[in-house]
$ cat work.pdb   # PDB, C-alpha atoms
ATOM      1  CA  MET A   1       0.372-110.148 -10.415  1.00  0.00           C
ATOM      2  CA  THR A   2       1.686-113.502  -9.550  1.00  0.00           C
ATOM      3  CA  ILE A   3       4.233-112.064  -7.253  1.00  0.00           C
ATOM      4  CA  LEU A   4       2.889-108.917  -6.148  1.00  0.00           C
ATOM      5  CA  LEU A   5      -0.459-110.312  -6.639  1.00  0.00           C
ATOM      6  CA  ALA A   6      -3.374-109.179  -8.722  1.00  0.00           C
ATOM      7  CA  VAL A   7      -6.508-108.789  -6.699  1.00  0.00           C
ATOM      8  CA  LEU A   8     -10.155-109.552  -7.219  1.00  0.00           C
ATOM      9  CA  VAL A   9     -12.438-106.615  -7.599  1.00  0.00           C
ATOM     10  CA  ALA A  10     -15.396-105.242  -9.472  1.00  0.00           C
ATOM     11  CA  LEU A  11     -14.109-102.706 -11.950  1.00  0.00           C
ATOM     12  CA  GLN A  12     -16.632-100.313 -13.445  1.00  0.00           C
ATOM     13  CA  GLY A  13     -19.089-103.030 -14.328  1.00  0.00           C
ATOM     14  CA  SER A  14     -16.576-105.771 -15.137  1.00  0.00           C
ATOM     15  CA  THR A  15     -15.034-108.280 -12.773  1.00  0.00           C
ATOM     16  CA  ALA A  16     -11.276-108.522 -12.297  1.00  0.00           C
ATOM     17  CA  PRO A  17      -9.676-111.890 -11.472  1.00  0.00           C
ATOM     18  CA  PRO A  18      -9.734-113.077  -7.851  1.00  0.00           C
ATOM     19  CA  CYS A  19      -7.339-111.096  -5.670  1.00  0.00           C
ATOM     20  CA  LEU A  20      -7.217-108.522  -8.479  1.00  0.00           C
ATOM     21  CA  GLY A  21      -5.321-110.906 -10.683  1.00  0.00           C
ATOM     22  CA  VAL A  22      -2.170-109.883  -8.825  1.00  0.00           C
ATOM     23  CA  MET A  23      -0.908-113.458  -8.883  1.00  0.00           C
ATOM     24  CA  ALA A  24      -1.363-114.166 -12.573  1.00  0.00           C
ATOM     25  CA  GLN A  25       2.231-113.845 -13.774  1.00  0.00           C
ATOM     26  CA  PRO A  26       4.647-116.692 -14.656  1.00  0.00           C
ATOM     27  CA  ALA A  27       7.544-117.990 -12.574  1.00  0.00           C
ATOM     28  CA  GLY A  28      10.499-115.637 -12.907  1.00  0.00           C
ATOM     29  CA  PHE A  29       8.342-112.527 -13.271  1.00  0.00           C
ATOM     30  CA  THR A  30      10.033-109.612 -11.509  1.00  0.00           C
ATOM     31  CA  TRP A  31       8.683-106.224 -10.409  1.00  0.00           C
ATOM     32  CA  THR A  32      11.415-103.605 -10.032  1.00  0.00           C
ATOM     33  CA  TYR A  33      10.730-100.585  -7.817  1.00  0.00           C
ATOM     34  CA  SER A  34      12.775 -97.434  -7.441  1.00  0.00           C
ATOM     35  CA  GLY A  35      12.535 -94.665  -4.886  1.00  0.00           C
ATOM     36  CA  THR A  36      14.071 -93.314  -1.707  1.00  0.00           C
ATOM     37  CA  TRP A  37      14.801 -94.664   1.757  1.00  0.00           C
ATOM     38  CA  ARG A  38      15.629 -92.767   4.931  1.00  0.00           C
ATOM     39  CA  ALA A  39      16.460 -94.320   8.298  1.00  0.00           C
ATOM     40  CA  GLU A  40      16.587 -92.230  11.486  1.00  0.00           C
ATOM     41  CA  THR A  41      18.996 -89.300  11.093  1.00  0.00           C
ATOM     42  CA  GLU A  42      20.305 -90.282   7.665  1.00  0.00           C
ATOM     43  CA  GLU A  43      19.552 -88.197   4.587  1.00  0.00           C
ATOM     44  CA  PRO A  44      17.162 -89.826   2.076  1.00  0.00           C
ATOM     45  CA  GLY A  45      18.993 -91.911  -0.511  1.00  0.00           C
ATOM     46  CA  PRO A  46      18.028 -93.792  -3.695  1.00  0.00           C
ATOM     47  CA  ILE A  47      17.109 -97.444  -3.476  1.00  0.00           C
ATOM     48  CA  THR A  48      15.977-100.198  -5.853  1.00  0.00           C
ATOM     49  CA  LEU A  49      13.842-103.143  -4.749  1.00  0.00           C
ATOM     50  CA  ARG A  50      12.906-106.267  -6.703  1.00  0.00           C
ATOM     51  CA  THR A  51      10.065-108.675  -6.111  1.00  0.00           C
ATOM     52  CA  THR A  52      10.392-111.982  -7.937  1.00  0.00           C
ATOM     53  CA  LEU A  53       7.787-114.689  -8.312  1.00  0.00           C
ATOM     54  CA  LEU A  54       9.544-118.033  -7.830  1.00  0.00           C
ATOM     55  CA  GLU A  55       6.820-120.689  -7.856  1.00  0.00           C
ATOM     56  CA  SER A  56       3.060-121.051  -7.735  1.00  0.00           C
ATOM     57  CA  ARG A  57       0.692-123.870  -6.814  1.00  0.00           C
ATOM     58  CA  SER A  58      -2.918-124.476  -5.856  1.00  0.00           C
ATOM     59  CA  VAL A  59      -4.151-126.211  -2.712  1.00  0.00           C
ATOM     60  CA  GLY A  60      -7.898-126.744  -2.768  1.00  0.00           C
ATOM     61  CA  ASN A  61      -9.491-123.366  -3.470  1.00  0.00           C
ATOM     62  CA  MET A  62      -6.335-121.474  -2.483  1.00  0.00           C
ATOM     63  CA  HIS A  63      -3.701-120.230  -4.927  1.00  0.00           C
ATOM     64  CA  LEU A  64      -0.183-119.778  -3.535  1.00  0.00           C
ATOM     65  CA  VAL A  65       2.770-117.830  -4.880  1.00  0.00           C
ATOM     66  CA  LEU A  66       6.277-118.038  -3.433  1.00  0.00           C
ATOM     67  CA  VAL A  67       8.018-114.675  -3.815  1.00  0.00           C
ATOM     68  CA  ARG A  68      11.344-113.179  -2.862  1.00  0.00           C
ATOM     69  CA  GLY A  69      11.609-109.553  -1.782  1.00  0.00           C
ATOM     70  CA  PHE A  70       7.953-108.556  -1.672  1.00  0.00           C
ATOM     71  CA  VAL A  71       8.029-104.768  -1.730  1.00  0.00           C
ATOM     72  CA  MET A  72       5.643-104.400   1.231  1.00  0.00           C
ATOM     73  CA  ASP A  73       7.985-106.630   3.228  1.00  0.00           C
ATOM     74  CA  PHE A  74      11.026-104.385   2.799  1.00  0.00           C
ATOM     75  CA  LEU A  75      10.995-103.070   6.364  1.00  0.00           C
ATOM     76  CA  ARG A  76      11.067-106.608   7.757  1.00  0.00           C
ATOM     77  CA  ALA A  77      14.238-107.406   5.833  1.00  0.00           C
ATOM     78  CA  GLY A  78      15.726-103.922   5.963  1.00  0.00           C
ATOM     79  CA  PRO A  79      18.737-102.784   3.944  1.00  0.00           C
ATOM     80  CA  PRO A  80      21.213-104.186   3.270  1.00  0.00           C
ATOM     81  CA  ALA A  81      19.702-107.518   4.299  1.00  0.00           C
ATOM     82  CA  GLU A  82      19.070-110.192   1.688  1.00  0.00           C
ATOM     83  CA  PRO A  83      15.453-110.072   0.419  1.00  0.00           C
ATOM     84  CA  LYS A  84      13.357-112.639   2.261  1.00  0.00           C
ATOM     85  CA  LEU A  85      10.924-115.265   1.045  1.00  0.00           C
ATOM     86  CA  SER A  86       7.208-115.037   1.717  1.00  0.00           C
ATOM     87  CA  ILE A  87       4.036-116.627   0.410  1.00  0.00           C
ATOM     88  CA  LEU A  88       1.134-114.755  -1.125  1.00  0.00           C
ATOM     89  CA  VAL A  89      -2.150-116.626  -0.804  1.00  0.00           C
ATOM     90  CA  CYS A  90      -5.395-115.912  -2.632  1.00  0.00           C
ATOM     91  CA  SER A  91      -8.380-117.475  -0.854  1.00  0.00           C
ATOM     92  CA  ASP A  92     -12.054-116.589  -1.406  1.00  0.00           C
ATOM     93  CA  GLY A  93     -11.176-113.196  -2.873  1.00  0.00           C
ATOM     94  CA  ARG A  94      -8.808-112.318  -0.031  1.00  0.00           C
ATOM     95  CA  LEU A  95      -5.057-111.899  -0.388  1.00  0.00           C
ATOM     96  CA  PHE A  96      -2.830-112.956   2.503  1.00  0.00           C
ATOM     97  CA  GLN A  97       0.920-112.906   3.114  1.00  0.00           C
ATOM     98  CA  PHE A  98       2.670-115.631   5.091  1.00  0.00           C
ATOM     99  CA  THR A  99       6.140-114.890   6.516  1.00  0.00           C
ATOM    100  CA  GLY A 100       8.506-116.968   8.625  1.00  0.00           C
ATOM    101  CA  ALA A 101      11.583-116.631  10.795  1.00  0.00           C
ATOM    102  CA  THR A 102      13.741-118.166   8.063  1.00  0.00           C
ATOM    103  CA  ASP A 103      13.516-118.824   4.334  1.00  0.00           C
ATOM    104  CA  GLU A 104      13.500-122.545   5.085  1.00  0.00           C
ATOM    105  CA  THR A 105      10.403-122.093   7.253  1.00  0.00           C
ATOM    106  CA  VAL A 106       8.650-120.369   4.357  1.00  0.00           C
ATOM    107  CA  ARG A 107       9.728-123.010   1.810  1.00  0.00           C
ATOM    108  CA  THR A 108       8.435-125.776   4.079  1.00  0.00           C
ATOM    109  CA  ALA A 109       5.108-123.987   4.510  1.00  0.00           C
ATOM    110  CA  PHE A 110       4.813-123.561   0.733  1.00  0.00           C
ATOM    111  CA  SER A 111       5.367-127.253   0.037  1.00  0.00           C
ATOM    112  CA  THR A 112       3.175-128.545   2.904  1.00  0.00           C
ATOM    113  CA  TRP A 113       0.506-125.817   2.945  1.00  0.00           C
ATOM    114  CA  ASP A 114      -2.830-126.339   4.645  1.00  0.00           C
ATOM    115  CA  ALA A 115      -5.675-123.961   5.452  1.00  0.00           C
ATOM    116  CA  SER A 116      -4.658-123.636   9.126  1.00  0.00           C
ATOM    117  CA  LEU A 117      -1.643-121.545   8.058  1.00  0.00           C
ATOM    118  CA  LEU A 118      -3.997-118.743   6.996  1.00  0.00           C
ATOM    119  CA  GLU A 119      -4.425-118.030  10.722  1.00  0.00           C
ATOM    120  CA  ARG A 120      -0.721-117.116  10.830  1.00  0.00           C
ATOM    121  CA  SER A 121      -0.939-114.975   7.702  1.00  0.00           C
ATOM    122  CA  LYS A 122      -1.505-111.233   7.313  1.00  0.00           C
ATOM    123  CA  LEU A 123      -4.531-110.010   5.356  1.00  0.00           C
ATOM    124  CA  LEU A 124      -3.474-107.585   2.597  1.00  0.00           C
ATOM    125  CA  LEU A 125      -6.581-107.387   0.416  1.00  0.00           C
ATOM    126  CA  LYS A 126     -10.270-108.139   0.774  1.00  0.00           C
ATOM    127  CA  THR A 127     -12.133-107.910  -2.492  1.00  0.00           C
ATOM    128  CA  PRO A 128     -14.173-106.445  -3.945  1.00  0.00           C
ATOM    129  CA  LEU A 129     -12.522-103.232  -2.765  1.00  0.00           C
ATOM    130  CA  ARG A 130     -14.874-100.349  -2.040  1.00  0.00           C
ATOM    131  CA  SER A 131     -13.845 -96.770  -1.427  1.00  0.00           C
ATOM    132  CA  ARG A 132     -13.984 -95.728   2.272  1.00  0.00           C
ATOM    133  CA  GLU A 133     -14.222 -99.347   3.420  1.00  0.00           C
ATOM    134  CA  VAL A 134     -11.966-100.371   6.332  1.00  0.00           C
ATOM    135  CA  PHE A 135     -10.871-103.983   6.793  1.00  0.00           C
ATOM    136  CA  ALA A 136      -8.377-106.097   8.780  1.00  0.00           C
ATOM    137  CA  GLN A 137      -8.975-104.300  12.090  1.00  0.00           C
ATOM    138  CA  ASP A 138      -8.366-106.647  15.014  1.00  0.00           C
ATOM    139  CA  PRO A 139     -10.290-105.914  17.141  1.00  0.00           C
ATOM    140  CA  GLN A 140     -12.892-103.800  15.355  1.00  0.00           C
ATOM    141  CA  ARG A 141     -12.794-100.095  16.166  1.00  0.00           C
ATOM    142  CA  GLY A 142     -14.996 -97.052  15.684  1.00  0.00           C
ATOM    143  CA  ASP A 143     -12.313 -95.219  13.685  1.00  0.00           C
ATOM    144  CA  PRO A 144     -10.182 -96.182  10.644  1.00  0.00           C
ATOM    145  CA  LEU A 145      -6.958 -96.708  12.643  1.00  0.00           C
ATOM    146  CA  TYR A 146      -5.201-100.094  12.742  1.00  0.00           C
ATOM    147  CA  GLY A 147      -6.898-101.350   9.600  1.00  0.00           C
ATOM    148  CA  TRP A 148      -6.642-100.897   5.826  1.00  0.00           C
ATOM    149  CA  GLU A 149      -8.766 -97.967   4.605  1.00  0.00           C
ATOM    150  CA  VAL A 150      -9.634 -98.051   0.895  1.00  0.00           C
ATOM    151  CA  GLU A 151      -9.858 -95.141  -1.517  1.00  0.00           C
ATOM    152  CA  THR A 152      -9.822 -94.947  -5.298  1.00  0.00           C
ATOM    153  CA  VAL A 153      -7.347 -92.636  -7.003  1.00  0.00           C
ATOM    154  CA  PRO A 154      -7.087 -91.372 -10.574  1.00  0.00           C
ATOM    155  CA  ILE A 155      -4.511 -93.015 -12.840  1.00  0.00           C
ATOM    156  CA  VAL A 156      -2.059 -90.154 -13.262  1.00  0.00           C
ATOM    157  CA  SER A 157       0.483 -92.173 -15.250  1.00  0.00           C
ATOM    158  CA  PRO A 158       0.355 -95.426 -17.224  1.00  0.00           C
ATOM    159  CA  ALA A 159       2.190 -98.522 -16.041  1.00  0.00           C
ATOM    160  CA  PRO A 160       5.789 -98.883 -17.278  1.00  0.00           C
ATOM    161  CA  ARG A 161       5.850-100.221 -20.842  1.00  0.00           C
ATOM    162  CA  SER A 162       7.674-103.374 -19.756  1.00  0.00           C
ATOM    163  CA  CYS A 163       4.823-104.279 -17.366  1.00  0.00           C
ATOM    164  CA  PRO A 164       1.370-105.734 -17.954  1.00  0.00           C
ATOM    165  CA  ARG A 165      -1.039-102.969 -18.869  1.00  0.00           C
ATOM    166  CA  GLY A 166      -3.009-103.095 -15.635  1.00  0.00           C
ATOM    167  CA  VAL A 167      -6.785-102.852 -15.495  1.00  0.00           C
ATOM    168  CA  GLY A 168      -8.862 -99.864 -14.517  1.00  0.00           C
ATOM    169  CA  THR A 169      -8.925 -98.274 -11.095  1.00  0.00           C
ATOM    170  CA  ILE A 170      -5.977 -97.894  -8.762  1.00  0.00           C
ATOM    171  CA  TYR A 171      -6.932 -98.693  -5.189  1.00  0.00           C
ATOM    172  CA  ARG A 172      -4.979 -96.910  -2.473  1.00  0.00           C
ATOM    173  CA  LEU A 173      -4.960 -98.743   0.845  1.00  0.00           C
ATOM    174  CA  THR A 174      -3.754 -96.835   3.902  1.00  0.00           C
ATOM    175  CA  TYR A 175      -2.885 -98.396   7.271  1.00  0.00           C
ATOM    176  CA  ARG A 176      -2.569 -95.797  10.030  1.00  0.00           C
ATOM    177  CA  THR A 177      -1.451 -96.349  13.597  1.00  0.00           C
ATOM    178  CA  ASN A 178      -0.492 -93.805  16.249  1.00  0.00           C
ATOM    179  CA  PRO A 179       3.241 -93.923  15.352  1.00  0.00           C
ATOM    180  CA  ASP A 180       3.259 -94.701  11.627  1.00  0.00           C
ATOM    181  CA  VAL A 181       1.430 -94.949   8.311  1.00  0.00           C
ATOM    182  CA  SER A 182       1.740 -97.369   5.363  1.00  0.00           C
ATOM    183  CA  ILE A 183       0.252 -96.673   1.918  1.00  0.00           C
ATOM    184  CA  VAL A 184       0.061 -99.196  -0.925  1.00  0.00           C
ATOM    185  CA  ASP A 185      -1.381 -98.660  -4.417  1.00  0.00           C
ATOM    186  CA  TRP A 186      -2.858-101.755  -6.086  1.00  0.00           C
ATOM    187  CA  GLN A 187      -3.952-102.148  -9.696  1.00  0.00           C
ATOM    188  CA  ALA A 188      -5.709-105.226 -11.045  1.00  0.00           C
ATOM    189  CA  ASP A 189      -3.628-107.570 -13.244  1.00  0.00           C
ATOM    190  CA  LEU A 190      -0.467-105.695 -12.260  1.00  0.00           C
ATOM    191  CA  GLY A 191      -0.161-105.692  -8.481  1.00  0.00           C
ATOM    192  CA  VAL A 192       1.599-103.072  -6.385  1.00  0.00           C
ATOM    193  CA  ARG A 193       2.108 -99.820  -8.286  1.00  0.00           C
ATOM    194  CA  GLY A 194       3.571 -97.987  -5.295  1.00  0.00           C
ATOM    195  CA  TYR A 195       4.373 -98.398  -1.607  1.00  0.00           C
ATOM    196  CA  SER A 196       5.331 -95.854   1.031  1.00  0.00           C
ATOM    197  CA  TYR A 197       5.932 -95.911   4.774  1.00  0.00           C
ATOM    198  CA  GLN A 198       6.545 -93.209   7.342  1.00  0.00           C
ATOM    199  CA  HIS A 199       7.305 -93.490  11.046  1.00  0.00           C
ATOM    200  CA  HIS A 200       6.662 -90.325  12.999  1.00  0.00           C
ATOM    201  CA  GLY A 201       8.779 -91.025  16.075  1.00  0.00           C
ATOM    202  CA  THR A 202      12.233 -92.219  15.042  1.00  0.00           C
ATOM    203  CA  PRO A 203      12.138 -90.802  11.495  1.00  0.00           C
ATOM    204  CA  THR A 204      11.925 -93.620   8.971  1.00  0.00           C
ATOM    205  CA  GLU A 205      10.652 -93.122   5.435  1.00  0.00           C
ATOM    206  CA  LEU A 206      10.287 -95.290   2.349  1.00  0.00           C
ATOM    207  CA  ASP A 207       8.740 -94.250  -0.969  1.00  0.00           C
ATOM    208  CA  MET A 208       8.785 -96.738  -3.860  1.00  0.00           C
ATOM    209  CA  ARG A 209       7.204 -96.708  -7.336  1.00  0.00           C
ATOM    210  CA  LEU A 210       7.003 -99.469  -9.937  1.00  0.00           C
ATOM    211  CA  ALA A 211       9.729 -98.753 -12.512  1.00  0.00           C
ATOM    212  CA  SER A 212       9.832-101.845 -14.742  1.00  0.00           C
ATOM    213  CA  CYS A 213       8.915-105.508 -15.142  1.00  0.00           C
ATOM    214  CA  SER A 214      10.867-108.429 -16.534  1.00  0.00           C
ATOM    215  CA  VAL A 215      10.996-112.223 -16.597  1.00  0.00           C
ATOM    216  CA  ILE A 216      14.159-113.979 -15.483  1.00  0.00           C
ATOM    217  CA  THR A 217      15.101-117.577 -16.271  1.00  0.00           C
ATOM    218  CA  MET A 218      14.390-119.818 -13.294  1.00  0.00           C
TER
END
$ encode --input "work.pdb" --output "structure tokens"
Amino acid sequence: MTILLAVLVALQGSTAPPCLGVMAQPAGFTWTYSGTWRAETEEPGPITLRTTLLESRSVGNMHLVLVRGFVMDFLRAGPPAEPKLSILVCSDGRLFQFTGATDETVRTAFSTWDASLLERSKLLLKTPLRSREVFAQDPQRGDPLYGWEVETVPIVSPAPRSCPRGVGTIYRLTYRTNPDVSIVDWQADLGVRGYSYQHHGTPTELDMRLASCSVITM
């Protein structure tokens, strides 16, 4: 999923592309998500989000994708803000996201990328994914909080017909903290199938599902 990223993982005896193949789509590929959004005391309302892959390039053994409106980044932009740029980076089977204060900062990082910028990036995936594994805790803990916990889930519905077919297992990654929880569903060669977020203090909820895919002219 060149914008939402396809990830590397062992799938029932076969091997999916690095970073689950999430970053394998062409420039202009767009994932469209539909769902509901609720902020504080407001009633839940419908919302549509789009993630578009703008450019891709390789630097050494790293593959970079410049995307606008990454669905997992929605809360950083927040409605009705303009979707922001970020960089998805596949390196040694791990998928990272680089964000910046401005779009120009992100564009500059994309064009002048070096390995040191991984230290400023957020780890989203560590493949191969294994059920009950916990990764990205910093520092390490004795419980699954403040890290991504992996589980496999049955495929209850096929991908939208306009999207790549997707390969095998759906991996559900859950990030729990004391005040909130984020859940993202990944499928190899397709990317993010669904994303949800819930804050338990000041009520904030987001629930998005992949509705369609398309390719726009760049």
$ atom_distance --input "work.pdb" --atom1 "atom CA of A:Arg176" --atom2 "atom CA of A:Arg209"
19.9 Å
$ residues_around --input "work.pdb" --residues "A:Ile87" --least-positions-apart "3" --cutoff "8 Å" --atoms "only C-alpha atoms" --output "compact mmCIF listing (two decimals) with C-alpha atoms, in the coordinates of the input"
# COMPACT_ATOMS: atom_id res chain seq x y z
CA LEU A 64 -0.18 -119.78 -3.54
CA VAL A 65 2.77 -117.83 -4.88
CA LEU A 66 6.28 -118.04 -3.43
CA VAL A 67 8.02 -114.68 -3.82
CA GLN A 97 0.92 -112.91 3.11
CA PHE A 98 2.67 -115.63 5.09
CA THR A 99 6.14 -114.89 6.52
CA VAL A 106 8.65 -120.37 4.36
CA PHE A 110 4.81 -123.56 0.73
$ resolve_selection --input "work.pdb" --expression "the PyMOL selection byres ((chain A and resi 211) around 12)" --output "list in words"
Thr30, Trp31, Thr32, Tyr33, Ser34, Gly35, Ile47, Thr48, Leu49, Arg50, Thr51, Ser157, Pro158, Ala159, Pro160, Arg161, Ser162, Cys163, Val192, Arg193, Gly194, Met208, Arg209, Leu210, Ser212, Cys213 and Ser214 of chain A
$ atom_distance --input "work.pdb" --atom1 "atom CA of A:His63" --atom2 "atom CA of A:Thr112"
13.3 Å
$ closest_residue --input "work.pdb" --among "A:Val59, A:Leu124, A:Leu85, A:Val134" --to "A:Gly191" --atoms "all atoms listed in the file"
A:Leu124
$ atom_distance --input "work.pdb" --atom1 "atom CA of A:Tyr175" --atom2 "atom CA of A:Gln25"
26.6 Å
$ resolve_selection --input "work.pdb" --expression "the PyMOL selection byres ((chain A and resi 187) around 7)" --output "ChimeraX atom specification"
/A:166-167,169-171,185-186,188-193
$ residues_around --input "work.pdb" --residues "A:Arg68" --least-positions-apart "4" --cutoff "8 Å" --atoms "only C-alpha atoms" --output "PyMOL selection string"
chain A and resi 51-54+83-86
$ closest_residue --input "work.pdb" --among "A:Val150, A:Met218, A:Ala109, A:Met23" --to "A:Gly93" --atoms "all atoms listed in the file"
A:Met23
$ axis_aligned_box --input "work.pdb" --around "stretch 115-132 of chain A" --padding-each-side "8 Å" --output "JSON"
{"center_x": -7.8, "center_y": -109.8, "center_z": 3.4, "size_x": 30.2, "size_y": 44.2, "size_z": 30.8}
$ residues_around --input "work.pdb" --residues "A:Ile183" --least-positions-apart "4" --cutoff "7 Å" --atoms "all atoms listed in the file" --output "PyMOL selection string"
chain A and resi 172-175+195-197
$ resolve_selection --input "work.pdb" --expression "the PyMOL selection byres ((chain A and resi 205) around 12)" --output "ChimeraX atom specification"
/A:35-47,74-75,78,180-183,195-204,206-208
$ closest_residue --input "work.pdb" --among "A:Asp114, A:Thr177, A:Pro154, A:Gly168" --to "A:Gln137" --atoms "all atoms listed in the file"
A:Thr177
$ closest_residue --input "work.pdb" --among "A:Gln140, A:Leu123, A:Leu145, A:Arg94" --to "A:Asn178" --atoms "all atoms listed in the file"
A:Leu145
$ residues_around --input "work.pdb" --residues "A:Leu95" --least-positions-apart "5" --cutoff "10 Å" --atoms "all atoms listed in the file" --output "VMD selection string"
chain A and resid 5 to 8 18 to 20 22 to 23 62 to 64 88 to 90 121 to 127
$ closest_residue --input "work.pdb" --among "A:Asn61, A:Gly100, A:Glu82, A:Ile155" --to "A:Ala115" --atoms "only C-alpha atoms"
A:Asn61
